[in-house]
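**Q** Sharing a structure below in structure tokens format, with a few things to ask.
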Amino acid sequence: MPFKYALFDLDGTLSESAPGIVKCVQYALHKVGIEEPDLTRLEAFVGPPLNVEFKEMYDLDPETIEKAVDYFRERYAVDGIFDCNVYDGIPEMLKKCRESGMTLAVASNKPEPYVRQILEHFGIVQEFEVICGSRMEDERASAGNDAKAIIVKRALQGLLPQEEQSGRKELCAMVGDRRYDIEGALANGVAAVGVTFGYGTEQELLEAGADRIAHTPEQLAEILLED
């Protein structure tokens, strides 16, 4: 049976957002004394929490990570937020799901105001009943790796009526391009659907425990609406 609800990651799932993100990461690194000329290497920052990647890739101490995140957001709010594009086929996929009766949400590690601004900018905000991004309290409550699970949990609380919370696995899917999305889905007991047109590999998604893999937005619609 088709899913009744679907949650979507933003970066690498709905939008091709690497150009703006990697330039702002490069700027943040420069401000804390690190020169990184390889923008391709910085694509690892698309999707995961910033603090996690600054630690994993550059072994920054907590104080420097906090500064780097602030520098990133300072630049991103001005120059990076709209330096992205919605993937071809995404608006049509969302419309098809909505017209089938599915209720949609966004669950992103990006700060919530930015998520809404981007969806509004590309004219797809009306497709979503619930929009959840990261909040300051998420960063305080999490060391970073489980930040997506916290956001998915909050999105589910707003998306599913109380009487349907117990049937999550059959009713709801979380869609994303990185292992964090898959792990966030599994931590909350919903189906995990990975997409390979973003920034994660099929191997990464399968190793994280993805239930299904879509290689195109059209294939994603087929999975979500499968009888």
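Residue numbers start at 1 in each chain; chains themselves are named A, B, ... in the order of the structure tokens; ligands are numbered from 1 in the order shown.
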If you count only C-alpha atoms, which residues fall within 7 Å of segment 14-31 of chain A, apart from same-chain ones fewer than 2 positions away, as a PDB file with N, CA and C atoms, in the first residue's frame?

**A**
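Printed below is part_15.pdb as written:
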ATOM      1  N   ASP A   9      14.209  15.122   3.664  1.00  0.00           N
ATOM      2  CA  ASP A   9      15.370  15.958   3.912  1.00  0.00           C
ATOM      3  C   ASP A   9      15.348  17.075   2.862  1.00  0.00           C
ATOM      4  N   LEU A  10      16.129  18.133   3.102  1.00  0.00           N
ATOM      5  CA  LEU A  10      16.169  19.236   2.134  1.00  0.00           C
ATOM      6  C   LEU A  10      17.421  19.168   1.268  1.00  0.00           C
ATOM      7  N   ASP A  11      18.595  19.398   1.874  1.00  0.00           N
ATOM      8  CA  ASP A  11      19.850  19.439   1.117  1.00  0.00           C
ATOM      9  C   ASP A  11      20.200  18.062   0.564  1.00  0.00           C
ATOM     10  N   GLY A  12      20.330  17.980  -0.751  1.00  0.00           N
ATOM     11  CA  GLY A  12      20.693  16.717  -1.378  1.00  0.00           C
ATOM     12  C   GLY A  12      19.519  15.794  -1.623  1.00  0.00           C
ATOM     13  N   GLY A  33      41.453  30.031  10.490  1.00  0.00           N
ATOM     14  CA  GLY A  33      42.860  29.788  10.198  1.00  0.00           C
ATOM     15  C   GLY A  33      43.182  28.571   9.366  1.00  0.00           C
ATOM     16  N   ILE A  34      42.185  28.008   8.669  1.00  0.00           N
ATOM     17  CA  ILE A  34      42.413  26.826   7.832  1.00  0.00           C
ATOM     18  C   ILE A  34      42.076  27.165   6.386  1.00  0.00           C
ATOM     19  N   GLU A  35      43.016  26.928   5.479  1.00  0.00           N
ATOM     20  CA  GLU A  35      42.770  27.162   4.064  1.00  0.00           C
ATOM     21  C   GLU A  35      42.457  25.821   3.392  1.00  0.00           C
ATOM     22  N   GLU A  36      41.294  25.748   2.769  1.00  0.00           N
ATOM     23  CA  GLU A  36      40.862  24.536   2.080  1.00  0.00           C
ATOM     24  C   GLU A  36      40.491  24.890   0.647  1.00  0.00           C
ATOM     25  N   LEU A  39      37.019  22.477  -3.031  1.00  0.00           N
ATOM     26  CA  LEU A  39      35.591  22.597  -2.731  1.00  0.00           C
ATOM     27  C   LEU A  39      34.870  21.258  -2.816  1.00  0.00           C
ATOM     28  N   LEU A  42      34.667  19.550   0.416  1.00  0.00           N
ATOM     29  CA  LEU A  42      33.738  20.156   1.366  1.00  0.00           C
ATOM     30  C   LEU A  42      32.289  19.749   1.124  1.00  0.00           C
ATOM     31  N   GLU A  43      32.023  18.994   0.066  1.00  0.00           N
ATOM     32  CA  GLU A  43      30.658  18.502  -0.159  1.00  0.00           C
ATOM     33  C   GLU A  43      30.213  17.554   0.951  1.00  0.00           C
ATOM     34  N   VAL A  46      27.442  18.793   3.215  1.00  0.00           N
ATOM     35  CA  VAL A  46      26.054  18.923   2.773  1.00  0.00           C
ATOM     36  C   VAL A  46      25.216  17.827   3.419  1.00  0.00           C
ATOM     37  N   ALA A  68      33.396  28.504  14.063  1.00  0.00           N
ATOM     38  CA  ALA A  68      33.265  28.153  12.649  1.00  0.00           C
ATOM     39  C   ALA A  68      31.799  28.094  12.228  1.00  0.00           C
ATOM     40  N   TYR A  71      30.564  31.626  11.878  1.00  0.00           N
ATOM     41  CA  TYR A  71      31.077  32.240  10.647  1.00  0.00           C
ATOM     42  C   TYR A  71      30.335  31.706   9.430  1.00  0.00           C
ATOM     43  N   PHE A  72      30.062  30.397   9.424  1.00  0.00           N
ATOM     44  CA  PHE A  72      29.313  29.809   8.316  1.00  0.00           C
ATOM     45  C   PHE A  72      27.950  30.477   8.179  1.00  0.00           C
ATOM     46  N   ARG A  75      27.896  34.076   6.842  1.00  0.00           N
ATOM     47  CA  ARG A  75      28.063  34.178   5.389  1.00  0.00           C
ATOM     48  C   ARG A  75      26.870  33.587   4.635  1.00  0.00           C
ATOM     49  N   TYR A  76      26.356  32.461   5.147  1.00  0.00           N
ATOM     50  CA  TYR A  76      25.279  31.757   4.465  1.00  0.00           C
ATOM     51  C   TYR A  76      24.014  32.599   4.375  1.00  0.00           C
ATOM     52  N   GLY A  80      24.836  32.543   0.700  1.00  0.00           N
ATOM     53  CA  GLY A  80      24.742  31.132   0.368  1.00  0.00           C
ATOM     54  C   GLY A  80      23.358  30.539   0.298  1.00  0.00           C
ATOM     55  N   ILE A  81      22.402  31.141   0.961  1.00  0.00           N
ATOM     56  CA  ILE A  81      21.104  30.495   1.164  1.00  0.00           C
ATOM     57  C   ILE A  81      20.385  30.144  -0.141  1.00  0.00           C
ATOM     58  N   ASP A  83      21.945  29.963  -3.159  1.00  0.00           N
ATOM     59  CA  ASP A  83      22.898  29.439  -4.138  1.00  0.00           C
ATOM     60  C   ASP A  83      22.680  27.928  -4.251  1.00  0.00           C
ATOM     61  N   CYS A  84      21.515  27.568  -4.752  1.00  0.00           N
ATOM     62  CA  CYS A  84      21.117  26.165  -4.868  1.00  0.00           C
ATOM     63  C   CYS A  84      20.000  26.070  -5.892  1.00  0.00           C
ATOM     64  N   ASN A  85      19.622  24.853  -6.221  1.00  0.00           N
ATOM     65  CA  ASN A  85      18.534  24.618  -7.167  1.00  0.00           C
ATOM     66  C   ASN A  85      17.734  23.398  -6.736  1.00  0.00           C
ATOM     67  N   VAL A  86      16.431  23.428  -6.979  1.00  0.00           N
ATOM     68  CA  VAL A  86      15.612  22.237  -6.762  1.00  0.00           C
ATOM     69  C   VAL A  86      15.943  21.249  -7.876  1.00  0.00           C
ATOM     70  N   TYR A  87      16.129  19.980  -7.515  1.00  0.00           N
ATOM     71  CA  TYR A  87      16.431  18.970  -8.529  1.00  0.00           C
ATOM     72  C   TYR A  87      15.294  18.861  -9.541  1.00  0.00           C
ATOM     73  N   ILE A  90      11.611  17.149  -8.946  1.00  0.00           N
ATOM     74  CA  ILE A  90      11.137  17.203  -7.558  1.00  0.00           C
ATOM     75  C   ILE A  90       9.762  17.867  -7.442  1.00  0.00           C
TER      76      ILE A  90
END

**Q** At a cut-off of 10 Å, using only C-alpha atoms, what residues contact segment 148-161 of chain A? Leave out same-chain residues fewer than 5 positions from it and give the result as number ranges by chain.

**A** A: 4-9, 47-49, 103-109, 128-135, 138-139, 141-142, 166-168, 171-172, 174, 180-190

**Q** Using only C-alpha atoms for the distances, tell me which of A:Gly89, A:Gly198, A:Pro113, A:Gly123 is nearest to Ala221 of chain A.

**A** A:Gly89

**Q** Give me, as a list in words, the residues of segment 100-195 of chain A that a backbone DSSP run labels strand (DSSP E or B).

**A**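 Selecting the strand (DSSP E or B) positions of segment 100-195 of chain A gives Thr103, Leu104, Ala105, Val106, Ala107, Ser108, Asn109, Lys110, Pro111, Val130, Ile131, Cys132, Gly133, Ser134, Cys172, Ala173, Met174, Val175, Gly176, Ala191, Ala192, Val193, Gly194 and Val195 of chain A.
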
**Q** What lies within 10 Å of Pro217 of chain A using only C-alpha atoms, ignoring chain neighbours under 5 positions off, as a list of chain:residue names?

**A**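 Near neighbours after the sequence-gap exclusion: A:Thr13, A:Leu14, A:Tyr87, A:Asp88, A:Gly89, A:Ile90, A:Pro91, A:Glu92, A:Met93, A:Leu94, A:Val195, A:Thr196, A:Phe197, A:Glu222, A:Ile223.
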
**Q** How far is it from atom CA of His121 of chain A to atom CA of Asp79 of chain A, in Å with one decimal?

**A**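 Distance reported for this atom pair: 14.4 Å.
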
**Q** What is the distance between atom CA of Ala192 of chain A and atom CA of Glu204 of chain A, in Å to one decimal?

**A** 12.9 Å

**Q** Taking only C-alpha atoms into account, name the residue in A:Ala210, A:Leu224, A:Val125, A:Leu50 that is nearest to Lys67 of chain A.

**A**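 Looking only at the distances to Lys67 of chain A, the closest residue turns out to be A:Leu50.
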
**Q** So which one's closest to Val115 of chain A, A:Asp146, A:Arg178, A:Lys96, A:Phe82? Using only C-alpha atoms, please.

**A**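 Selected residue with least distance to Val115 of chain A: A:Phe82.
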
**Q** Find the residue from A:Ala77, A:Val52, A:Leu225, A:Met57 that sits nearest to Gly101 of chain A; use only C-alpha atoms when measuring.

**A**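 When distances to Gly101 of chain A are compared using only C-alpha atoms, the smallest one comes from A:Leu225.
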
**Q** From the options A:Val69, A:Leu119, A:Leu205, A:Val193, which residue's atoms come nearest to Gln219 of chain A, counting only C-alpha atoms?

**A**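 Checking each of A:Val69, A:Leu119, A:Leu205, A:Val193 against Gln219 of chain A, counting only C-alpha atoms, the winner is A:Val193.
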
**Q** Find the residue from A:Ile124, A:His215, A:Ala147, A:Pro2 that sits nearest to Asp177 of chain A; use only C-alpha atoms when measuring.

**A**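 Smallest separation from Asp177 of chain A among the options: A:His215.
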